[in-house]
Amino acid sequence: MGRKVNPNAVRIGLNKTWDSTWYAKKADFPKALAQDLKIRKLINVRLHDAGIDVVKIFISTKQIEIEVYVARPGVAIGRGGEGIDKLQKELRRMLQQEVEVKIKEVPKADLSARIIARTIADGIERRQPSKLLMISAKEKAMMAGAKGIKIWVSGRINKASQARRIKATGGSVPAQTLKADIDYAEEVAKTTDAGLMGVKVWVYTGDKTSVHSEE
């Protein structure tokens with residue numbers, strides 16, 4: 001049996017950090033975690049079309065600060081800031097606390113594992129060929145400067161009776177090298193005729209020795 005470790009989790013404290021920063025007592029931890037998940041779920045629904053990369057949550061006693069990194073900030077902000085104002089009001093009403101949402105642009109969306117995975121999943125839901133979506137994403141990532149990329153799509157490919165997995169790789173992805181800066185994400189495509197299909201993406205952009213390293 002293979003031993004599989006999430007590439008992001010195993011690098012926490014080395015060259016990656018937590019997406020959520022808050023403290024809770026042991027008795028309050030389940031409630032705080034549920035609140036964190038509710039925030040992420042709402043943002044994923046409301047800003048789906050903006051191409052979400054990372055949602056960072058900072059909770060203090062006075063307010064909740066949320067940083068959302070997206071590929072299309074204009075879609076998230078809306079005309080005259082209408083979209084972001086509406087989202088903030090909805091979060092304040094849900095959490096009964098002061099909330100500040102900041103929208104930030106992803107410098108290179110083609111190197112974001114989550115954006116790539118979500119783009120492929122959305123294409124599968126629109127009945128586009130999985131193999132073509134994977135090849136296109138791989139070529140864009142390599143042209144954007146990735147040193148390696150690995151894409152897996154699992155499920156009933158082309159409505160086959162039995163599930164299988166197809167892969168697309170480019171360059172090298174040193175999964176066992178901890179200093180390697182590997183961005184990993186997984187998404188689910190919900191199709192009407194082939195059920196659920198999983199998409200996993202690994203993007204290797206070079207070595208990074210610390211959280212604050214610019215390498």
# chains A, B, ... in the order shown; residues from 1 in each chain; ligands from 1
>>> select_by_dssp(residues="region 15-214 of chain A", states="strand (DSSP E)", output="PyMOL selection string")
chain A and resi 20-21+52-59+64-70+99-105+148-155+164-171+180-190+196-207
>>> closest_atom_pairs(of="region 3-49 of chain A", to="region 117-140 of chain A", cutoff="12 Å", atoms="only C-alpha atoms", output="Markdown table")
| residue | atom | partner | partner_atom | distance |
| --- | --- | --- | --- | --- |
| A:Asn44 | CA | A:Arg118 | CA | 11.2 |
| A:His48 | CA | A:Arg118 | CA | 9.3 |
| A:Asp49 | CA | A:Thr119 | CA | 10.2 |
>>> select_by_dssp(residues="region 5-182 of chain A", states="helix (DSSP H, G or I)", output="PyMOL selection string")
chain A and resi 9-11+29-46+48-50+73-77+79-95+109-111+113-125+130-144+157-159
>>> atom_distance(atom1="CA of Leu111 (chain A)", atom2="CA of Ile166 (chain A)")
20.6 Å
>>> residues_around(residues="Gly206 (chain A)", least_positions_apart="2", cutoff="8 Å", atoms="only C-alpha atoms", output="count of residues only")
8
>>> closest_residue(among="A:Ile59, A:Ala189, A:Ile149, A:Ala24", to="Gln97 (chain A)", atoms="only C-alpha atoms")
A:Ile59
>>> residues_around(residues="region 100-109 of chain A", least_positions_apart="3", cutoff="7 Å", atoms="only C-alpha atoms", output="number ranges by chain")
A: 64-73, 88, 112, 115
>>> atom_distance(atom1="CA of Lys179 (chain A)", atom2="CA of Arg40 (chain A)")
28.3 Å
>>> closest_residue(among="A:Gly83, A:Met94, A:Asp19, A:Gly171", to="Lys38 (chain A)", atoms="only C-alpha atoms")
A:Met94
>>> closest_residue(among="A:Ile39, A:Arg46, A:Gly170, A:Ala113", to="Val99 (chain A)", atoms="only C-alpha atoms")
A:Ile39
>>> atom_distance(atom1="CA of Arg114 (chain A)", atom2="CA of Ser20 (chain A)")
16.9 Å
>>> closest_residue(among="A:Ile151, A:Val45, A:Ala27, A:Val10", to="Leu178 (chain A)", atoms="only C-alpha atoms")
A:Val10
>>> residues_around(residues="Lys41 (chain A)", least_positions_apart="5", cutoff="12 Å", atoms="only C-alpha atoms", output="list of chain:residue names")
A:Ala34, A:Gln35, A:Asp36, A:Arg46, A:Leu47, A:His48, A:Ile52, A:Val55, A:Leu91
>>> closest_residue(among="A:Asp28, A:Glu98, A:Glu186, A:Asp207", to="Pro174 (chain A)", atoms="only C-alpha atoms")
A:Asp207
>>> decode(residues="region 16-139 of chain A", atoms="C-alpha atoms", output="PDB file, in the first residue's frame")
ATOM      1  CA  LYS A  16       5.004  26.987   3.368  1.00  0.00           C
ATOM      2  CA  THR A  17       2.794  28.422   6.083  1.00  0.00           C
ATOM      3  CA  TRP A  18      -0.810  28.028   7.270  1.00  0.00           C
ATOM      4  CA  ASP A  19      -3.656  29.611   5.279  1.00  0.00           C
ATOM      5  CA  SER A  20      -5.479  30.372   8.554  1.00  0.00           C
ATOM      6  CA  THR A  21      -3.987  32.293  11.482  1.00  0.00           C
ATOM      7  CA  TRP A  22      -6.044  32.259  14.690  1.00  0.00           C
ATOM      8  CA  TYR A  23      -5.985  30.924  18.237  1.00  0.00           C
ATOM      9  CA  ALA A  24      -8.704  29.113  20.165  1.00  0.00           C
ATOM     10  CA  LYS A  25      -8.903  27.316  23.476  1.00  0.00           C
ATOM     11  CA  LYS A  26      -9.389  23.559  23.354  1.00  0.00           C
ATOM     12  CA  ALA A  27     -13.103  23.806  24.178  1.00  0.00           C
ATOM     13  CA  ASP A  28     -13.660  26.482  21.519  1.00  0.00           C
ATOM     14  CA  PHE A  29     -11.595  24.879  18.757  1.00  0.00           C
ATOM     15  CA  PRO A  30     -14.436  22.929  17.022  1.00  0.00           C
ATOM     16  CA  LYS A  31     -16.555  26.088  16.821  1.00  0.00           C
ATOM     17  CA  ALA A  32     -13.626  28.155  15.483  1.00  0.00           C
ATOM     18  CA  LEU A  33     -12.798  25.506  12.878  1.00  0.00           C
ATOM     19  CA  ALA A  34     -16.436  25.301  11.749  1.00  0.00           C
ATOM     20  CA  GLN A  35     -16.479  29.089  11.387  1.00  0.00           C
ATOM     21  CA  ASP A  36     -13.290  28.978   9.296  1.00  0.00           C
ATOM     22  CA  LEU A  37     -14.813  26.353   6.984  1.00  0.00           C
ATOM     23  CA  LYS A  38     -18.064  28.350   6.643  1.00  0.00           C
ATOM     24  CA  ILE A  39     -16.082  31.422   5.577  1.00  0.00           C
ATOM     25  CA  ARG A  40     -14.166  29.461   2.948  1.00  0.00           C
ATOM     26  CA  LYS A  41     -17.317  27.786   1.617  1.00  0.00           C
ATOM     27  CA  LEU A  42     -19.125  31.098   1.178  1.00  0.00           C
ATOM     28  CA  ILE A  43     -16.144  32.754  -0.531  1.00  0.00           C
ATOM     29  CA  ASN A  44     -15.694  29.774  -2.886  1.00  0.00           C
ATOM     30  CA  VAL A  45     -19.345  30.055  -3.934  1.00  0.00           C
ATOM     31  CA  ARG A  46     -19.483  33.852  -4.298  1.00  0.00           C
ATOM     32  CA  LEU A  47     -16.089  34.304  -6.014  1.00  0.00           C
ATOM     33  CA  HIS A  48     -16.066  31.115  -8.071  1.00  0.00           C
ATOM     34  CA  ASP A  49     -15.898  33.001 -11.386  1.00  0.00           C
ATOM     35  CA  ALA A  50     -12.920  35.112 -10.220  1.00  0.00           C
ATOM     36  CA  GLY A  51     -10.571  32.102 -10.178  1.00  0.00           C
ATOM     37  CA  ILE A  52      -9.621  31.635  -6.514  1.00  0.00           C
ATOM     38  CA  ASP A  53      -6.063  30.599  -5.683  1.00  0.00           C
ATOM     39  CA  VAL A  54      -5.673  31.019  -1.903  1.00  0.00           C
ATOM     40  CA  VAL A  55      -7.946  32.270   0.895  1.00  0.00           C
ATOM     41  CA  LYS A  56      -5.986  33.494   3.932  1.00  0.00           C
ATOM     42  CA  ILE A  57      -7.916  34.115   7.171  1.00  0.00           C
ATOM     43  CA  PHE A  58      -6.580  36.157  10.110  1.00  0.00           C
ATOM     44  CA  ILE A  59      -8.835  36.220  13.199  1.00  0.00           C
ATOM     45  CA  SER A  60      -8.233  38.531  16.170  1.00  0.00           C
ATOM     46  CA  THR A  61     -10.447  39.620  19.065  1.00  0.00           C
ATOM     47  CA  LYS A  62     -11.479  42.790  17.214  1.00  0.00           C
ATOM     48  CA  GLN A  63     -12.080  41.664  13.651  1.00  0.00           C
ATOM     49  CA  ILE A  64     -11.642  39.021  10.972  1.00  0.00           C
ATOM     50  CA  GLU A  65      -9.345  39.892   8.076  1.00  0.00           C
ATOM     51  CA  ILE A  66      -9.581  37.834   4.894  1.00  0.00           C
ATOM     52  CA  GLU A  67      -7.179  37.967   1.951  1.00  0.00           C
ATOM     53  CA  VAL A  68      -8.417  36.358  -1.250  1.00  0.00           C
ATOM     54  CA  TYR A  69      -5.924  35.801  -4.063  1.00  0.00           C
ATOM     55  CA  VAL A  70      -7.711  35.554  -7.414  1.00  0.00           C
ATOM     56  CA  ALA A  71      -6.821  35.399 -11.109  1.00  0.00           C
ATOM     57  CA  ARG A  72      -9.468  37.979 -12.105  1.00  0.00           C
ATOM     58  CA  PRO A  73      -9.709  40.663  -9.383  1.00  0.00           C
ATOM     59  CA  GLY A  74     -12.097  42.797 -11.446  1.00  0.00           C
ATOM     60  CA  VAL A  75     -14.720  40.033 -11.327  1.00  0.00           C
ATOM     61  CA  ALA A  76     -14.336  39.690  -7.549  1.00  0.00           C
ATOM     62  CA  ILE A  77     -14.459  43.423  -6.782  1.00  0.00           C
ATOM     63  CA  GLY A  78     -17.360  44.158  -9.117  1.00  0.00           C
ATOM     64  CA  ARG A  79     -18.417  47.456 -10.630  1.00  0.00           C
ATOM     65  CA  GLY A  80     -17.475  50.270  -8.280  1.00  0.00           C
ATOM     66  CA  GLY A  81     -16.611  47.771  -5.535  1.00  0.00           C
ATOM     67  CA  GLU A  82     -20.180  46.489  -5.388  1.00  0.00           C
ATOM     68  CA  GLY A  83     -19.195  42.814  -5.331  1.00  0.00           C
ATOM     69  CA  ILE A  84     -16.738  43.098  -2.455  1.00  0.00           C
ATOM     70  CA  ASP A  85     -19.117  45.271  -0.392  1.00  0.00           C
ATOM     71  CA  LYS A  86     -21.904  42.727  -0.807  1.00  0.00           C
ATOM     72  CA  LEU A  87     -19.585  39.883   0.254  1.00  0.00           C
ATOM     73  CA  GLN A  88     -18.394  41.775   3.346  1.00  0.00           C
ATOM     74  CA  LYS A  89     -21.970  42.514   4.444  1.00  0.00           C
ATOM     75  CA  GLU A  90     -22.932  38.859   3.986  1.00  0.00           C
ATOM     76  CA  LEU A  91     -19.930  37.693   6.050  1.00  0.00           C
ATOM     77  CA  ARG A  92     -20.649  40.235   8.816  1.00  0.00           C
ATOM     78  CA  ARG A  93     -24.260  39.081   8.978  1.00  0.00           C
ATOM     79  CA  MET A  94     -23.227  35.417   9.116  1.00  0.00           C
ATOM     80  CA  LEU A  95     -20.447  35.833  11.694  1.00  0.00           C
ATOM     81  CA  GLN A  96     -21.876  38.709  13.752  1.00  0.00           C
ATOM     82  CA  GLN A  97     -18.404  40.278  13.767  1.00  0.00           C
ATOM     83  CA  GLU A  98     -16.442  42.959  11.926  1.00  0.00           C
ATOM     84  CA  VAL A  99     -15.023  41.528   8.679  1.00  0.00           C
ATOM     85  CA  GLU A 100     -12.586  43.070   6.204  1.00  0.00           C
ATOM     86  CA  VAL A 101     -12.047  41.386   2.834  1.00  0.00           C
ATOM     87  CA  LYS A 102      -9.040  42.224   0.668  1.00  0.00           C
ATOM     88  CA  ILE A 103      -8.803  41.089  -2.942  1.00  0.00           C
ATOM     89  CA  LYS A 104      -5.316  40.471  -4.329  1.00  0.00           C
ATOM     90  CA  GLU A 105      -4.274  39.425  -7.814  1.00  0.00           C
ATOM     91  CA  VAL A 106      -2.308  36.248  -8.474  1.00  0.00           C
ATOM     92  CA  PRO A 107       0.859  37.282 -10.387  1.00  0.00           C
ATOM     93  CA  LYS A 108       0.945  34.145 -12.562  1.00  0.00           C
ATOM     94  CA  ALA A 109      -2.369  32.298 -12.639  1.00  0.00           C
ATOM     95  CA  ASP A 110      -0.935  29.607 -14.946  1.00  0.00           C
ATOM     96  CA  LEU A 111       1.383  28.507 -12.097  1.00  0.00           C
ATOM     97  CA  SER A 112      -1.387  28.151  -9.500  1.00  0.00           C
ATOM     98  CA  ALA A 113      -2.256  24.492  -8.922  1.00  0.00           C
ATOM     99  CA  ARG A 114      -5.722  25.338  -7.609  1.00  0.00           C
ATOM    100  CA  ILE A 115      -6.607  27.597 -10.545  1.00  0.00           C
ATOM    101  CA  ILE A 116      -5.351  24.964 -12.993  1.00  0.00           C
ATOM    102  CA  ALA A 117      -7.315  22.191 -11.243  1.00  0.00           C
ATOM    103  CA  ARG A 118     -10.496  24.267 -11.106  1.00  0.00           C
ATOM    104  CA  THR A 119     -10.164  25.284 -14.775  1.00  0.00           C
ATOM    105  CA  ILE A 120      -9.852  21.630 -15.799  1.00  0.00           C
ATOM    106  CA  ALA A 121     -12.786  20.628 -13.545  1.00  0.00           C
ATOM    107  CA  ASP A 122     -14.970  23.396 -15.004  1.00  0.00           C
ATOM    108  CA  GLY A 123     -14.031  22.276 -18.523  1.00  0.00           C
ATOM    109  CA  ILE A 124     -14.965  18.676 -17.716  1.00  0.00           C
ATOM    110  CA  GLU A 125     -18.330  19.875 -16.372  1.00  0.00           C
ATOM    111  CA  ARG A 126     -18.855  21.641 -19.735  1.00  0.00           C
ATOM    112  CA  ARG A 127     -18.133  18.281 -21.443  1.00  0.00           C
ATOM    113  CA  GLN A 128     -14.789  19.307 -22.921  1.00  0.00           C
ATOM    114  CA  PRO A 129     -12.248  16.494 -23.567  1.00  0.00           C
ATOM    115  CA  SER A 130     -10.209  15.805 -20.416  1.00  0.00           C
ATOM    116  CA  LYS A 131      -6.997  15.020 -22.301  1.00  0.00           C
ATOM    117  CA  LEU A 132      -7.064  18.285 -24.266  1.00  0.00           C
ATOM    118  CA  LEU A 133      -7.722  20.301 -21.088  1.00  0.00           C
ATOM    119  CA  MET A 134      -4.751  18.643 -19.373  1.00  0.00           C
ATOM    120  CA  ILE A 135      -2.375  19.181 -22.298  1.00  0.00           C
ATOM    121  CA  SER A 136      -3.406  22.830 -22.624  1.00  0.00           C
ATOM    122  CA  ALA A 137      -2.896  23.465 -18.882  1.00  0.00           C
ATOM    123  CA  LYS A 138       0.489  21.706 -18.950  1.00  0.00           C
ATOM    124  CA  GLU A 139       1.746  23.782 -21.898  1.00  0.00           C
TER     125      GLU A 139
END
